[in-house]
$ cat structure-v6.txt   # compact mmCIF, C-alpha atoms and all ligand atoms
# COMPACT_ATOMS: atom_id res chain seq x y z
CA MET A 1 128.54 107.88 121.35
CA GLU A 2 127.88 104.27 122.19
CA LEU A 3 125.86 102.79 125.01
CA LYS A 4 127.06 99.39 126.09
CA ILE A 5 124.89 97.16 128.21
CA ASP A 6 126.39 94.31 130.18
CA ARG A 7 129.42 94.51 127.99
CA GLU A 8 132.75 93.17 129.04
CA VAL A 9 134.11 96.23 130.77
CA GLY A 10 137.55 95.12 131.84
CA ILE A 11 138.54 95.20 135.46
CA GLU A 12 141.33 97.71 134.67
CA THR A 13 138.83 100.08 133.07
CA LEU A 14 136.49 99.84 136.05
CA GLU A 15 139.36 100.38 138.49
CA GLN A 16 140.49 103.48 136.60
CA LEU A 17 136.96 104.88 136.47
CA GLU A 18 136.43 104.23 140.17
CA ASN A 19 139.67 105.98 141.08
CA SER A 20 139.00 108.94 138.79
CA CYS A 21 135.39 109.51 139.81
CA PHE A 22 135.36 108.85 143.55
CA LYS A 23 137.49 110.17 146.37
CA GLY A 24 136.49 107.55 148.91
CA ASP A 25 133.97 104.76 148.33
CA VAL A 26 136.22 103.13 145.74
CA TYR A 27 135.55 99.45 145.14
CA THR A 28 138.63 97.31 145.66
CA LYS A 29 139.92 95.06 142.88
CA GLU A 30 138.50 92.06 144.78
CA GLN A 31 135.07 93.68 145.01
CA LEU A 32 135.11 94.52 141.30
CA GLU A 33 136.18 90.98 140.42
CA ASP A 34 133.30 89.67 142.51
CA ILE A 35 130.86 92.01 140.73
CA LEU A 36 132.14 91.03 137.29
CA SER A 37 131.94 87.33 138.10
CA HIS A 38 128.27 87.52 139.13
CA LYS A 39 126.63 88.58 135.92
CA GLU A 40 123.26 87.27 137.08
CA LEU A 41 123.28 89.78 139.97
CA TYR A 42 125.04 92.81 138.58
CA LYS A 43 124.55 94.85 135.44
CA ILE A 44 127.23 97.16 134.16
CA ILE A 45 126.04 100.00 131.97
CA ALA A 46 128.76 101.89 130.20
CA VAL A 47 128.76 104.87 127.88
CA GLU A 48 131.60 105.17 125.42
CA ARG A 49 132.83 108.37 123.86
CA ASP A 50 136.03 109.12 122.04
CA GLY A 51 136.80 105.39 122.04
CA LYS A 52 136.73 104.94 125.80
CA VAL A 53 134.27 104.40 128.62
CA VAL A 54 133.47 107.81 130.12
CA ALA A 55 130.36 107.06 132.20
CA TYR A 56 129.20 103.90 133.93
CA ALA A 57 126.87 102.42 136.46
CA ILE A 58 127.05 99.28 138.54
CA ILE A 59 123.58 97.94 139.22
CA PHE A 60 122.47 95.23 141.62
CA ASP A 61 119.50 93.34 140.21
CA ASN A 62 117.58 91.29 142.77
CA SER A 63 115.12 90.42 139.99
CA VAL A 64 112.27 92.42 141.62
CA SER A 65 114.04 95.78 141.72
CA LEU A 66 117.30 97.43 140.78
CA GLU A 67 119.75 99.17 143.08
CA ILE A 68 122.26 101.69 141.80
CA MET A 69 125.49 100.76 143.56
CA LYS A 70 127.61 103.22 141.60
CA ILE A 71 127.01 105.76 138.89
CA ALA A 72 129.62 108.19 137.66
CA THR A 73 130.81 110.20 134.71
CA LEU A 74 134.42 111.29 134.21
CA LYS A 75 134.73 114.94 135.24
CA GLU A 76 135.46 116.27 131.76
CA TYR A 77 132.34 114.55 130.37
CA ARG A 78 129.86 115.69 133.03
CA LYS A 79 126.85 117.91 132.32
CA GLN A 80 126.37 116.45 128.86
CA GLY A 81 123.43 114.21 129.70
CA LEU A 82 125.39 110.94 130.01
CA GLY A 83 124.18 110.27 133.55
CA ALA A 84 120.60 110.88 132.46
CA LEU A 85 121.14 108.52 129.54
CA ILE A 86 122.10 105.73 131.94
CA ILE A 87 118.99 106.33 134.09
CA LYS A 88 116.84 106.28 130.96
CA GLU A 89 118.39 102.96 129.97
CA LEU A 90 117.73 101.52 133.44
CA SER A 91 114.10 102.57 133.19
CA LYS A 92 113.69 100.13 130.29
CA TYR A 93 114.03 97.17 132.67
CA GLY A 94 110.54 97.86 134.04
CA LYS A 95 111.57 97.67 137.70
CA ASP A 96 111.57 100.05 140.63
CA ILE A 97 115.02 101.54 141.15
CA PHE A 98 116.56 102.24 144.57
CA LEU A 99 119.73 103.92 145.74
CA GLU A 100 121.54 105.40 148.71
CA VAL A 101 123.45 108.65 148.50
CA ARG A 102 125.55 110.58 150.99
CA GLU A 103 123.56 113.52 152.35
CA THR A 104 126.40 115.91 151.43
CA ASN A 105 126.63 114.78 147.79
CA GLU A 106 124.56 117.69 146.54
CA MET A 107 125.51 117.22 142.90
CA ALA A 108 124.28 113.63 142.89
CA ILE A 109 121.13 114.41 144.92
CA LYS A 110 120.15 117.14 142.46
CA PHE A 111 120.89 114.81 139.55
CA TYR A 112 118.72 112.04 141.01
CA HIS A 113 115.82 114.39 141.75
CA GLU A 114 115.98 115.74 138.21
CA ASN A 115 115.83 112.20 136.92
CA GLY A 116 112.66 111.22 138.73
CA PHE A 117 113.90 109.86 142.08
CA VAL A 118 112.12 110.76 145.31
CA ASP A 119 113.41 110.57 148.86
CA ILE A 120 111.96 107.65 150.80
CA GLY A 121 114.07 107.63 153.93
CA LYS A 122 117.22 108.55 155.72
CA ARG A 123 119.72 106.37 157.59
CA LYS A 124 121.51 108.43 160.20
CA HIS A 125 125.27 107.98 160.76
CA TYR A 126 125.34 105.51 157.90
CA TYR A 127 128.81 106.17 156.54
CA SER A 128 131.39 105.20 159.12
CA ASP A 129 134.19 107.36 157.65
CA THR A 130 132.37 110.68 158.15
CA GLY A 131 129.28 109.79 160.16
CA GLU A 132 127.10 111.16 157.37
CA ALA A 133 123.57 110.02 156.83
CA ALA A 134 122.46 108.16 153.72
CA ILE A 135 119.44 109.45 151.84
CA LEU A 136 117.39 106.60 150.40
CA MET A 137 115.69 107.24 147.09
CA GLU A 138 113.36 105.40 144.79
CA LYS A 139 112.15 105.75 141.25
CA LYS A 140 108.98 103.74 140.82
CA TYR A 141 108.59 102.01 137.51
CA LEU A 142 104.98 103.16 137.19
CA SER A 143 105.97 106.80 137.63
CA ILE A 144 108.43 106.63 134.74
C1 LIG B 1 126.11 112.52 139.50
C2 LIG B 1 126.78 112.30 138.15
C3 LIG B 1 126.86 110.80 137.87
C4 LIG B 1 125.94 112.96 137.05
O1 LIG B 1 126.52 112.62 135.78
P1 LIG B 1 126.39 113.57 134.48
O2 LIG B 1 126.83 112.75 133.32
O3 LIG B 1 127.06 114.85 134.71
O4 LIG B 1 124.81 113.76 134.44
P2 LIG B 1 123.93 114.67 133.44
O5 LIG B 1 124.81 115.35 132.46
O6 LIG B 1 122.81 113.83 132.95
O7 LIG B 1 123.30 115.73 134.46
C5 LIG B 1 124.12 116.56 135.25
C6 LIG B 1 123.76 118.02 135.07
O8 LIG B 1 124.11 118.43 133.76
C7 LIG B 1 122.99 119.11 133.15
N1 LIG B 1 123.09 118.88 131.72
C8 LIG B 1 122.80 117.73 131.05
N2 LIG B 1 123.03 117.91 129.74
C9 LIG B 1 123.50 119.17 129.58
C10 LIG B 1 123.94 119.92 128.48
N3 LIG B 1 123.93 119.40 127.24
N4 LIG B 1 124.38 121.17 128.70
C11 LIG B 1 124.40 121.71 129.95
N5 LIG B 1 124.01 121.04 131.06
C12 LIG B 1 123.55 119.80 130.87
C13 LIG B 1 121.80 118.44 133.80
O9 LIG B 1 120.64 119.23 133.71
C14 LIG B 1 122.27 118.34 135.20
O10 LIG B 1 122.16 119.63 135.76
P3 LIG B 1 122.35 119.97 137.30
O11 LIG B 1 123.80 120.11 137.53
O12 LIG B 1 121.60 121.24 137.40
O13 LIG B 1 121.74 118.82 138.05
C15 LIG B 1 128.20 112.95 138.10
O14 LIG B 1 128.11 114.25 138.60
C16 LIG B 1 129.29 112.19 138.87
O15 LIG B 1 129.96 111.31 138.30
N6 LIG B 1 129.52 112.54 140.16
C17 LIG B 1 130.58 111.90 140.96
C18 LIG B 1 130.23 110.49 141.34
C19 LIG B 1 129.02 110.44 142.24
O16 LIG B 1 128.91 111.14 143.23
N7 LIG B 1 128.07 109.52 141.91
C20 LIG B 1 126.82 109.34 142.67
C21 LIG B 1 126.98 108.51 143.88
S1 LIG B 1 127.28 106.79 143.50
$ encode --input "structure-v6.txt" --output "structure tokens" --more "lines below"
Ligand SMILES: CC(C)(COP(=O)(O)OP(=O)(O)OC[C@H]1O[C@@H](n2cnc3c(N)ncnc32)[C@H](O)[C@@H]1OP(=O)(O)O)[C@@H](O)C(=O)NCCC(=O)NCCS
Amino acid sequence: MELKIDREVGIETLEQLENSCFKGDVYTKEQLEDILSHKELYKIIAVERDGKVVAYAIIFDNSVSLEIMKIATLKEYRKQGLGALIIKELSKYGKDIFLEVRETNEMAIKFYHENGFVDIGKRKHYYSDTGEAAILMEKKYLSI
């Protein structure tokens, strides 16, 4: 297994991962191009197995804190600790980490809680497609 930090993950790879891992909330090609072209703002963390990227995260780095924009593992590689590996890697940056998650995404909420995130707020009717709320979470650097 290989962990790749800020590596050149091609746009095609990211597009495939997005489409495989998310039903809605898929970044468009233009959004991904924008992310890849702003290396000073976005980190891509990718985990390779069997010669391909099987888990990844897109991180917004505002220099004070990190925000997890996306984190996902291909279905057939889930529950093997790859998501936790990415969070552990992020913790090395020494910054507080924030994220928003759909209130119905129980799998992700459980995963985040197990990896040290705590709820810090809720934005009602945040997602326009379903009207769901967003749960806001934080993992403080000092609590790591
Ligand atoms: C949330 C997500 C990224 C977690 O990724 P993952 O690689 O499966 O994460 P982990 O393997 O570290 O942890 C997941 C679970 O597997 C368990 N696990 C980890 N290693 C394990 C092992 N070797 N054997 C059995 N279970 C294991 C963890 O304890 C955890 O248990 P839980 O289901 O009780 O919470 C993944 O489920 C996913 O891609 N979901 C769809 C995309 C999504 O919703 N992303 C979040 C919003 S952006």
$ residues_near_ligand --input "structure-v6.txt" --ligand "ligand LIG 1 (chain B)" --cutoff "10 Å" --atoms "all atoms listed in the file" --output "ChimeraX atom specification"
/A:17-18,20-23,25-26,47,54-58,68-88,99-102,104-115
$ closest_residue --input "structure-v6.txt" --among "A:Gly121, A:Ser91, A:Glu8, A:Tyr42" --to "Ala134 of chain A" --atoms "all atoms listed in the file"
A:Gly121
$ residues_around --input "structure-v6.txt" --residues "Gly94 of chain A" --least-positions-apart "3" --cutoff "10 Å" --atoms "only C-alpha atoms" --output "ChimeraX atom specification"
/A:64-66,90-91,97,140-142,144
$ residues_around --input "structure-v6.txt" --residues "Gly10 of chain A" --least-positions-apart "6" --cutoff "12 Å" --atoms "only C-alpha atoms" --output "list in words"
Gln16, Leu17, Lys29, Leu32, Glu33, Ile35, Leu36, Ser37, Ile44, Ala46, Lys52 and Val53 of chain A
$ closest_residue --input "structure-v6.txt" --among "A:Thr130, A:Glu67, A:Glu2, A:Thr28" --to "Asp50 of chain A" --atoms "only C-alpha atoms"
A:Glu2
$ atom_distance --input "structure-v6.txt" --atom1 "atom CA of Arg49 of chain A" --atom2 "atom CA of Asp96 of chain A"
28.3 Å
$ closest_residue --input "structure-v6.txt" --among "A:Ile45, A:Lys92, A:Lys122, A:Asp34" --to "Leu3 of chain A" --atoms "all atoms listed in the file"
A:Ile45
$ closest_residue --input "structure-v6.txt" --among "A:Glu48, A:Asp61, A:Asp119, A:Glu40" --to "Ile135 of chain A" --atoms "all atoms listed in the file"
A:Asp119
$ build_atoms --input "structure-v6.txt" --residues "segment 52-73 of chain A" --atoms "N, CA and C atoms" --output "PDB file, in the frame of the given file"
ATOM      1  N   LYS A  52     136.486 105.458 124.453  1.00  0.00           N
ATOM      2  CA  LYS A  52     136.730 104.940 125.800  1.00  0.00           C
ATOM      3  C   LYS A  52     135.457 105.060 126.643  1.00  0.00           C
ATOM      4  N   VAL A  53     135.417 104.303 127.722  1.00  0.00           N
ATOM      5  CA  VAL A  53     134.270 104.400 128.620  1.00  0.00           C
ATOM      6  C   VAL A  53     134.411 105.668 129.452  1.00  0.00           C
ATOM      7  N   VAL A  54     133.384 106.525 129.405  1.00  0.00           N
ATOM      8  CA  VAL A  54     133.470 107.810 130.120  1.00  0.00           C
ATOM      9  C   VAL A  54     132.396 107.934 131.197  1.00  0.00           C
ATOM     10  N   ALA A  55     131.406 107.040 131.168  1.00  0.00           N
ATOM     11  CA  ALA A  55     130.360 107.060 132.200  1.00  0.00           C
ATOM     12  C   ALA A  55     129.916 105.617 132.414  1.00  0.00           C
ATOM     13  N   TYR A  56     129.571 105.289 133.650  1.00  0.00           N
ATOM     14  CA  TYR A  56     129.200 103.900 133.930  1.00  0.00           C
ATOM     15  C   TYR A  56     128.312 103.820 135.151  1.00  0.00           C
ATOM     16  N   ALA A  57     127.641 102.693 135.238  1.00  0.00           N
ATOM     17  CA  ALA A  57     126.870 102.420 136.460  1.00  0.00           C
ATOM     18  C   ALA A  57     126.999 100.942 136.774  1.00  0.00           C
ATOM     19  N   ILE A  58     127.063 100.662 138.057  1.00  0.00           N
ATOM     20  CA  ILE A  58     127.050  99.280 138.540  1.00  0.00           C
ATOM     21  C   ILE A  58     125.714  99.084 139.244  1.00  0.00           C
ATOM     22  N   ILE A  59     124.950  98.131 138.761  1.00  0.00           N
ATOM     23  CA  ILE A  59     123.580  97.940 139.220  1.00  0.00           C
ATOM     24  C   ILE A  59     123.410  96.567 139.832  1.00  0.00           C
ATOM     25  N   PHE A  60     122.810  96.508 141.011  1.00  0.00           N
ATOM     26  CA  PHE A  60     122.470  95.230 141.620  1.00  0.00           C
ATOM     27  C   PHE A  60     121.026  94.913 141.256  1.00  0.00           C
ATOM     28  N   ASP A  61     120.834  93.730 140.687  1.00  0.00           N
ATOM     29  CA  ASP A  61     119.500  93.340 140.210  1.00  0.00           C
ATOM     30  C   ASP A  61     119.021  92.149 141.037  1.00  0.00           C
ATOM     31  N   ASN A  62     118.071  92.401 141.937  1.00  0.00           N
ATOM     32  CA  ASN A  62     117.580  91.290 142.770  1.00  0.00           C
ATOM     33  C   ASN A  62     116.361  90.630 142.121  1.00  0.00           C
ATOM     34  N   SER A  63     116.173  90.931 140.867  1.00  0.00           N
ATOM     35  CA  SER A  63     115.120  90.420 139.990  1.00  0.00           C
ATOM     36  C   SER A  63     113.771  91.118 140.194  1.00  0.00           C
ATOM     37  N   VAL A  64     113.507  91.653 141.395  1.00  0.00           N
ATOM     38  CA  VAL A  64     112.270  92.420 141.620  1.00  0.00           C
ATOM     39  C   VAL A  64     112.542  93.905 141.390  1.00  0.00           C
ATOM     40  N   SER A  65     113.701  94.358 141.858  1.00  0.00           N
ATOM     41  CA  SER A  65     114.040  95.780 141.720  1.00  0.00           C
ATOM     42  C   SER A  65     115.525  95.924 141.419  1.00  0.00           C
ATOM     43  N   LEU A  66     115.888  97.134 141.060  1.00  0.00           N
ATOM     44  CA  LEU A  66     117.300  97.430 140.780  1.00  0.00           C
ATOM     45  C   LEU A  66     117.837  98.355 141.856  1.00  0.00           C
ATOM     46  N   GLU A  67     119.105  98.211 142.179  1.00  0.00           N
ATOM     47  CA  GLU A  67     119.750  99.170 143.080  1.00  0.00           C
ATOM     48  C   GLU A  67     120.986  99.731 142.401  1.00  0.00           C
ATOM     49  N   ILE A  68     121.061 101.063 142.373  1.00  0.00           N
ATOM     50  CA  ILE A  68     122.260 101.690 141.800  1.00  0.00           C
ATOM     51  C   ILE A  68     123.346 101.659 142.861  1.00  0.00           C
ATOM     52  N   MET A  69     124.368 100.839 142.622  1.00  0.00           N
ATOM     53  CA  MET A  69     125.490 100.760 143.560  1.00  0.00           C
ATOM     54  C   MET A  69     126.474 101.893 143.296  1.00  0.00           C
ATOM     55  N   LYS A  70     126.689 102.164 142.018  1.00  0.00           N
ATOM     56  CA  LYS A  70     127.610 103.220 141.600  1.00  0.00           C
ATOM     57  C   LYS A  70     127.086 103.824 140.303  1.00  0.00           C
ATOM     58  N   ILE A  71     127.226 105.126 140.189  1.00  0.00           N
ATOM     59  CA  ILE A  71     127.010 105.760 138.890  1.00  0.00           C
ATOM     60  C   ILE A  71     127.959 106.950 138.835  1.00  0.00           C
ATOM     61  N   ALA A  72     128.665 107.079 137.751  1.00  0.00           N
ATOM     62  CA  ALA A  72     129.620 108.190 137.660  1.00  0.00           C
ATOM     63  C   ALA A  72     129.978 108.482 136.213  1.00  0.00           C
ATOM     64  N   THR A  73     130.331 109.740 136.011  1.00  0.00           N
ATOM     65  CA  THR A  73     130.810 110.200 134.710  1.00  0.00           C
ATOM     66  C   THR A  73     132.162 110.861 134.949  1.00  0.00           C
TER      67      THR A  73
END
